[in-house]
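For reference, final.txt (compact mmCIF, C-alpha atoms):
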# COMPACT_ATOMS: atom_id res chain seq x y z
CA ILE A 1 -115.39 -59.90 98.47
CA TYR A 2 -113.15 -62.74 99.56
CA SER A 3 -115.71 -64.12 102.01
CA SER A 4 -118.10 -64.66 99.09
CA VAL A 5 -115.57 -67.05 97.54
CA THR A 6 -115.61 -69.22 100.65
CA LYS A 7 -119.34 -69.69 100.09
CA GLU A 8 -118.81 -71.57 96.81
CA SER A 9 -118.94 -68.61 94.46
CA SER A 10 -116.08 -67.47 92.23
CA ALA A 11 -115.12 -63.79 92.27
CA ILE A 12 -112.93 -61.39 90.31
CA LEU A 13 -111.16 -58.38 91.81
CA ILE A 14 -109.77 -55.77 89.39
CA VAL A 15 -107.19 -53.48 90.97
CA LYS A 16 -106.41 -50.48 88.82
CA GLY A 17 -104.14 -47.50 89.26
CA LYS A 18 -101.21 -45.67 87.75
CA SER A 19 -97.78 -47.24 87.50
CA GLY A 20 -96.20 -47.16 90.95
CA SER A 21 -99.47 -46.65 92.82
CA GLY A 22 -99.08 -49.85 94.85
CA LYS A 23 -101.37 -52.31 93.05
CA THR A 24 -99.01 -55.27 93.42
CA LYS A 25 -98.35 -54.44 97.09
CA PHE A 26 -102.09 -54.32 97.67
CA ILE A 27 -102.49 -57.86 96.28
CA GLN A 28 -99.51 -59.05 98.32
CA THR A 29 -101.18 -57.68 101.44
CA ILE A 30 -104.33 -59.64 100.61
CA ARG A 31 -102.26 -62.78 100.23
CA GLU A 32 -100.40 -62.27 103.52
CA ASN A 33 -103.37 -61.29 105.66
CA ILE A 34 -106.50 -62.86 104.15
CA ILE A 35 -105.68 -65.85 101.95
CA SER A 36 -105.05 -69.09 103.85
CA LYS A 37 -101.61 -70.69 103.44
CA ASN A 38 -103.41 -73.95 102.69
CA ASP A 39 -105.10 -72.52 99.60
CA ILE A 40 -103.64 -72.58 96.11
CA PHE A 41 -102.04 -69.29 95.06
CA LEU A 42 -100.73 -68.87 91.51
CA GLU A 43 -99.37 -65.67 90.00
CA ALA A 44 -98.23 -64.45 86.61
CA LYS A 45 -97.21 -61.11 85.17
CA GLY A 46 -98.04 -59.77 81.75
CA SER A 47 -95.09 -58.82 79.57
CA ALA A 48 -95.03 -56.52 76.58
CA VAL A 49 -92.35 -58.77 75.06
CA ASP A 50 -94.55 -61.90 75.27
CA SER A 51 -97.92 -60.27 74.61
CA ASN A 52 -98.20 -62.07 71.26
CA VAL A 53 -97.48 -65.55 72.65
CA PRO A 54 -100.79 -67.49 72.94
CA TYR A 55 -101.66 -68.72 76.45
CA GLN A 56 -98.47 -67.16 77.85
CA ILE A 57 -100.14 -66.16 81.13
CA PHE A 58 -101.74 -69.56 81.66
CA GLN A 59 -98.53 -71.34 80.67
CA ILE A 60 -96.95 -69.66 83.70
CA LEU A 61 -99.90 -70.39 85.99
CA ILE A 62 -100.20 -74.06 85.00
CA SER A 63 -96.45 -74.57 85.32
CA GLN A 64 -96.60 -73.17 88.87
CA LEU A 65 -99.54 -75.39 89.70
CA PHE A 66 -97.74 -78.56 88.64
CA SER A 67 -94.42 -77.64 90.25
CA SER A 68 -95.67 -76.28 93.58
CA TYR A 69 -98.83 -78.28 94.31
CA THR A 70 -98.02 -81.80 93.18
CA HIS A 71 -99.87 -83.32 96.15
CA ILE A 72 -103.28 -82.14 94.92
CA PHE A 73 -103.13 -84.30 91.78
CA GLU A 74 -103.28 -87.57 93.67
CA ASN A 75 -107.07 -87.48 93.70
CA HIS A 76 -107.61 -85.75 90.37
CA SER A 77 -105.52 -87.56 87.75
CA THR A 78 -108.20 -90.06 86.78
CA MET A 79 -110.93 -87.41 86.76
CA LEU A 80 -109.01 -85.29 84.28
CA PHE A 81 -108.77 -88.09 81.75
CA GLU A 82 -112.49 -88.79 81.76
CA ASN A 83 -113.16 -85.97 79.30
CA ASP A 84 -112.28 -85.67 75.63
CA ASN A 85 -110.68 -82.23 76.06
CA VAL A 86 -107.54 -83.46 77.77
CA LEU A 87 -105.63 -84.09 74.52
CA TYR A 88 -106.26 -80.53 73.44
CA LEU A 89 -104.83 -79.38 76.77
CA GLN A 90 -101.77 -81.56 76.24
CA GLU A 91 -101.13 -79.86 72.90
CA ILE A 92 -100.88 -76.46 74.63
CA PHE A 93 -99.68 -77.22 78.16
CA ALA A 94 -96.77 -79.66 78.33
CA ASP A 95 -97.35 -80.31 82.05
CA PHE A 96 -100.58 -82.17 81.31
CA LYS A 97 -98.63 -84.82 79.40
CA ASN A 98 -97.07 -86.04 82.65
CA LEU A 99 -100.26 -86.10 84.72
CA ASN A 100 -101.56 -89.55 83.89
CA THR A 101 -99.97 -91.16 86.95
CA ALA A 102 -102.96 -93.43 87.44
CA ASN A 103 -102.50 -94.89 83.94
CA ALA A 104 -106.08 -94.01 83.15
CA PRO A 105 -107.13 -94.77 79.56
CA LEU A 106 -106.80 -91.75 77.34
CA PRO A 107 -109.84 -90.68 75.33
CA GLU A 108 -109.78 -91.20 71.60
CA PHE A 109 -108.52 -88.11 69.85
CA LYS A 110 -110.99 -87.08 67.14
CA GLU A 111 -109.70 -84.16 65.15
CA LEU A 112 -112.70 -83.96 62.81
CA ASN A 113 -111.11 -81.04 60.99
CA LYS A 114 -111.89 -78.66 63.81
CA SER A 115 -111.29 -74.99 63.16
CA ASP A 116 -108.92 -72.96 65.35
CA ASP A 117 -111.91 -71.41 67.15
CA GLU A 118 -113.38 -74.86 67.84
CA LYS A 119 -110.05 -76.08 69.22
CA LYS A 120 -109.85 -73.01 71.41
CA ILE A 121 -113.26 -73.75 72.90
CA MET A 122 -112.20 -77.34 73.58
CA ILE A 123 -109.13 -76.04 75.42
CA PHE A 124 -111.19 -73.53 77.40
CA GLN A 125 -113.74 -76.19 78.32
CA GLY A 126 -111.05 -78.69 79.29
CA LEU A 127 -109.21 -76.25 81.52
CA ALA A 128 -112.47 -75.10 83.14
CA MET A 129 -113.35 -78.73 83.86
CA PHE A 130 -109.91 -79.36 85.32
CA LEU A 131 -110.06 -76.29 87.60
CA SER A 132 -113.56 -77.17 88.75
CA GLN A 133 -112.26 -80.59 89.86
CA LEU A 134 -109.45 -78.98 91.83
CA CYS A 135 -111.87 -76.68 93.64
CA LYS A 136 -114.41 -79.32 94.64
CA ASN A 137 -112.94 -79.50 98.12
CA ASP A 138 -112.81 -76.58 100.53
CA ASP A 139 -109.57 -75.28 98.99
CA ILE A 140 -109.73 -71.94 97.22
CA LEU A 141 -107.89 -71.42 93.94
CA ASN A 142 -106.38 -67.91 93.87
CA LEU A 143 -105.06 -66.52 90.59
CA PHE A 144 -103.17 -63.23 90.54
CA ILE A 145 -102.29 -61.72 87.17
CA ASP A 146 -100.23 -58.54 87.30
CA ASP A 147 -99.97 -56.06 84.41
CA ILE A 148 -103.02 -57.55 82.73
CA GLN A 149 -102.77 -54.82 80.08
CA TRP A 150 -99.83 -56.76 78.59
CA ALA A 151 -101.39 -60.22 78.73
CA ASP A 152 -101.73 -62.11 75.47
CA SER A 153 -105.17 -61.96 73.83
CA THR A 154 -105.84 -65.70 74.20
CA SER A 155 -105.26 -65.58 77.96
CA LEU A 156 -107.59 -62.58 78.17
CA GLU A 157 -110.26 -64.57 76.34
CA LEU A 158 -109.72 -67.50 78.70
CA ILE A 159 -110.09 -65.27 81.78
CA HIS A 160 -113.35 -63.96 80.35
CA TYR A 161 -114.52 -67.52 79.66
CA LEU A 162 -113.69 -68.66 83.20
CA SER A 163 -115.43 -65.65 84.71
CA SER A 164 -118.71 -66.62 83.06
CA HIS A 165 -118.49 -70.44 83.21
CA LEU A 166 -117.31 -71.09 86.74
CA PRO A 167 -119.82 -69.31 88.98
CA GLU A 168 -120.07 -71.99 91.63
CA ILE A 169 -116.51 -72.95 92.50
CA ASN A 170 -114.09 -71.52 95.04
CA MET A 171 -111.93 -69.43 92.73
CA PHE A 172 -110.65 -65.89 93.29
CA ILE A 173 -109.12 -64.09 90.29
CA MET A 174 -107.17 -60.89 91.03
CA LEU A 175 -106.17 -58.69 88.11
CA ALA A 176 -103.87 -55.66 88.37
CA VAL A 177 -104.00 -53.18 85.51
CA ARG A 178 -102.24 -49.92 84.75
CA GLU A 179 -105.00 -47.36 84.49
CA GLU A 180 -103.26 -45.40 81.74
CA GLU A 181 -102.94 -48.50 79.53
CA GLN A 182 -106.12 -50.44 80.31
CA ASP A 183 -108.50 -51.84 77.72
CA ILE A 184 -111.69 -50.24 79.01
CA ASN A 185 -113.98 -52.41 76.88
CA TYR A 186 -112.39 -55.59 78.24
CA ILE A 187 -112.58 -54.39 81.86
CA ASN A 188 -116.22 -53.41 81.39
CA SER A 189 -117.01 -56.83 79.92
CA LEU A 190 -115.64 -58.47 83.08
CA LEU A 191 -117.59 -56.08 85.30
CA GLU A 192 -120.82 -57.28 83.68
CA HIS A 193 -120.49 -60.54 85.62
CA GLY A 194 -122.22 -60.59 88.97
CA ASN A 195 -119.33 -61.13 91.39
CA THR A 196 -116.73 -58.87 89.78
CA HIS A 197 -115.42 -55.89 91.72
CA GLU A 198 -113.14 -52.98 90.93
CA ILE A 199 -110.82 -51.07 93.26
CA LYS A 200 -108.87 -48.01 92.21
CA ILE A 201 -105.58 -47.24 93.98
CA GLU A 202 -105.09 -43.47 94.09
CA PRO A 203 -101.77 -41.64 94.66
CA LEU A 204 -101.24 -40.26 98.14
CA ASN A 205 -102.40 -36.72 98.83
CA GLN A 206 -99.56 -34.41 99.82
CA GLU A 207 -100.78 -34.26 103.42
CA TYR A 208 -100.03 -37.98 103.86
CA ILE A 209 -96.43 -37.78 102.60
CA PRO A 210 -94.92 -37.19 106.09
CA THR A 211 -96.72 -40.22 107.54
CA PHE A 212 -95.62 -42.44 104.65
CA ILE A 213 -91.99 -41.33 105.02
CA ASN A 214 -92.09 -42.01 108.76
CA ARG A 215 -93.23 -45.55 108.08
CA ILE A 216 -90.35 -46.07 105.65
CA LEU A 217 -87.82 -44.67 108.14
CA GLY A 218 -89.33 -46.56 111.07
CA GLN A 219 -89.60 -43.57 113.37
CA SER A 220 -91.39 -40.25 113.71
CA THR A 221 -89.42 -37.54 111.92
CA THR A 222 -90.31 -34.01 110.88
CA PHE A 223 -88.75 -32.25 107.89
CA GLY A 224 -89.44 -28.78 106.53
CA ASN A 225 -92.35 -28.17 104.15
CA GLU A 226 -89.94 -27.44 101.29
CA ILE A 227 -88.57 -30.97 101.57
CA TYR A 228 -92.03 -32.51 101.59
CA ASN A 229 -92.98 -30.35 98.60
CA TRP A 230 -89.86 -31.53 96.74
CA ILE A 231 -90.62 -35.18 97.43
CA PHE A 232 -94.26 -34.84 96.37
CA HIS A 233 -93.32 -32.96 93.18
CA ASN A 234 -90.81 -35.63 92.17
CA THR A 235 -92.98 -38.67 93.00
CA LEU A 236 -96.52 -37.34 92.44
CA GLY A 237 -97.53 -39.19 95.60
CA LEU A 238 -97.05 -42.64 94.04
CA PRO A 239 -95.93 -45.06 96.81
CA PHE A 240 -93.47 -47.03 94.69
CA TYR A 241 -91.64 -43.89 93.57
CA LEU A 242 -91.80 -42.45 97.09
CA PHE A 243 -89.98 -45.52 98.36
CA GLN A 244 -87.46 -45.33 95.51
CA ALA A 245 -86.84 -41.62 96.22
CA ILE A 246 -86.18 -42.20 99.92
CA THR A 247 -83.92 -45.15 99.08
CA TYR A 248 -81.97 -43.04 96.58
CA LEU A 249 -81.53 -40.13 99.01
CA HIS A 250 -80.28 -42.46 101.74
CA LYS A 251 -77.93 -44.36 99.42
CA ASN A 252 -76.35 -41.07 98.29
CA GLU A 253 -76.10 -39.77 101.88
CA ILE A 254 -78.49 -36.91 101.23
CA LEU A 255 -80.78 -38.51 103.80
CA TYR A 256 -78.75 -39.61 106.82
CA ASN A 257 -79.15 -40.63 110.43
CA GLU A 258 -77.20 -38.76 113.06
CA ASN A 259 -77.59 -39.20 116.79
CA ARG A 260 -80.63 -41.42 116.20
CA SER A 261 -82.37 -38.71 114.21
CA TRP A 262 -82.96 -38.42 110.46
CA HIS A 263 -81.75 -35.37 108.54
CA ILE A 264 -81.67 -34.22 104.91
CA ASN A 265 -78.87 -32.19 103.36
CA GLU A 266 -80.95 -29.51 101.65
CA ASP A 267 -77.99 -28.11 99.66
CA MET A 268 -77.38 -31.51 98.05
CA LEU A 269 -81.11 -32.05 97.57
CA GLN A 270 -81.35 -28.97 95.32
CA HIS A 271 -79.20 -30.75 92.71
CA VAL A 272 -81.33 -33.89 92.57
CA SER A 273 -84.30 -34.39 90.23
CA PHE A 274 -86.26 -37.46 89.15
CA ASP A 275 -88.05 -35.79 86.23
Written form, structure tokens:
Amino acid sequence: IYSSVTKESSAILIVKGKSGSGKTKFIQTIRENIISKNDIFLEAKGSAVDSNVPYQIFQILISQLFSSYTHIFENHSTMLFENDNVLYLQEIFADFKNLNTANAPLPEFKELNKSDDEKKIMIFQGLAMFLSQLCKNDDILNLFIDDIQWADSTSLELIHYLSSHLPEINMFIMLAVREEEQDINYINSLLEHGNTHEIKIEPLNQEYIPTFINRILGQSTTFGNEIYNWIFHNTLGLPFYLFQAITYLHKNEILYNENRSWHINEDMLQHVSFD
């Protein structure tokens, strides 16, 4: 999937799974092992509290872009101000107001009694034009949006717009969504675009619980089946909760290391439940 982006074609990766299944860790692994450190990587997280704030997700992304990648604007300031949409962007994104370092002449602002929908299109077009300028070199623009199910509706519309209007630039959009709270119609609408892919992160089967625990503990350890059954029952095989359970047991000295070997106090374990 990612190699297709390096060939001047944008792509979207939708990572879905239950809460605690490891979606965010999966994206982090992509960033650490696949994405070049020289590429642009921006991330935002949907919030139920801010889900009604227009452009909330892109406010975060644009703010990161301007604060962390200031060097890339040296060659793009003038280009941005060659289109009429920039003033609409400045109304929404405060960072754009400080971009005119080249003192390029601003376009004439013609309101023309535009409706809210018309203004929205101008903003979408302006941002798409800006991103396309940033990606004209070999750099890849990577956007990671976690908990997309809580993103504001305007940001969701903008993601959909970008997915269909930027087919030939080096942009990789990664979206993580809780399967139990996803908007299936929205996800399906994204999947209609040619280079959109979906990966589902499943909970671990019970047979893999011992291996996962060994990786957390950093050594090969064998516990009784009753202990593995207890851990699986209380975490349902979800990696995040598995890690939290092991951390809790160790913190409360139910899981302890003695003579370089790990042990679990089964009597104390019987009084613990995460239900």
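Each of A:Thr154, A:Gln270, A:Asn195, A:Phe93 was checked against Ile231 of chain A using only C-alpha atoms; the smallest atom-to-atom distance is that of A:Gln270.
Across A:Glu253, A:Asp146, A:Glu180, A:Asp267, the tightest approach to Ile27 of chain A is made by A:Asp146 when counting only C-alpha atoms.
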Å distance separating atom CA of His233 of chain A from atom CA of Ser220 of chain A, one decimal place
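Pair atom CA of His233 of chain A / atom CA of Ser220 of chain A returns 21.9 Å.
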Take atom CA of Ala176 of chain A and atom CA of Gln149 of chain A and report the distance between them in Å, one decimal.
8.4 Å
For Gln182 of chain A, the nearest of the candidates A:Ile254, A:Trp150, A:Ile213, A:Glu266, counting only C-alpha atoms
A:Trp150
Using all atoms listed in the file, the residue out of A:Ala151, A:Ile14, A:Leu249, A:Met129 with shortest distance to Val49 of chain A is A:Ala151
What is the distance between atom CA of Ser36 of chain A and atom CA of Cys135 of chain A, in Å to one decimal?
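Separation between atom CA of Ser36 of chain A and atom CA of Cys135 of chain A: 14.4 Å.
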Considering all atoms listed in the file, return as a list of chain:residue names whatever protein or nucleic-acid residues lie within 12 Å of Gln64 of chain A, sequence-local ones (same chain, fewer than 6 positions apart) excluded.
A:Ile40, A:Phe41, A:Leu42, A:Glu43, A:Ala44, A:Ile57, A:Phe58, A:Thr70, A:Phe93, A:Asp95, A:Leu143
Measuring between all atoms listed in the file, which one of A:Leu156, A:Ile201, A:Ile72, A:Met171 shows the shortest distance to Ser189 of chain A?
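Closest to Ser189 of chain A, using all atoms listed in the file: A:Leu156.
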Using only C-alpha atoms - which residues lie no farther than 10 Å from the point (-89.9, -32.4, 104.9) in the file's frame? Write them as a PyMOL selection string.
chain A and resi 209-210+213+221-232+263-264+266
Same residues, C-alpha atoms, saved as a CSV table (one decimal), keeping the file's coordinate frame:
chain,number,residue,atom,x,y,z
A,209,ILE,CA,-96.4,-37.8,102.6
A,210,PRO,CA,-94.9,-37.2,106.1
A,213,ILE,CA,-92.0,-41.3,105.0
A,221,THR,CA,-89.4,-37.5,111.9
A,222,THR,CA,-90.3,-34.0,110.9
A,223,PHE,CA,-88.8,-32.2,107.9
A,224,GLY,CA,-89.4,-28.8,106.5
A,225,ASN,CA,-92.4,-28.2,104.2
A,226,GLU,CA,-89.9,-27.4,101.3
A,227,ILE,CA,-88.6,-31.0,101.6
A,228,TYR,CA,-92.0,-32.5,101.6
A,229,ASN,CA,-93.0,-30.4,98.6
A,230,TRP,CA,-89.9,-31.5,96.7
A,231,ILE,CA,-90.6,-35.2,97.4
A,232,PHE,CA,-94.3,-34.8,96.4
A,263,HIS,CA,-81.8,-35.4,108.5
A,264,ILE,CA,-81.7,-34.2,104.9
A,266,GLU,CA,-81.0,-29.5,101.6
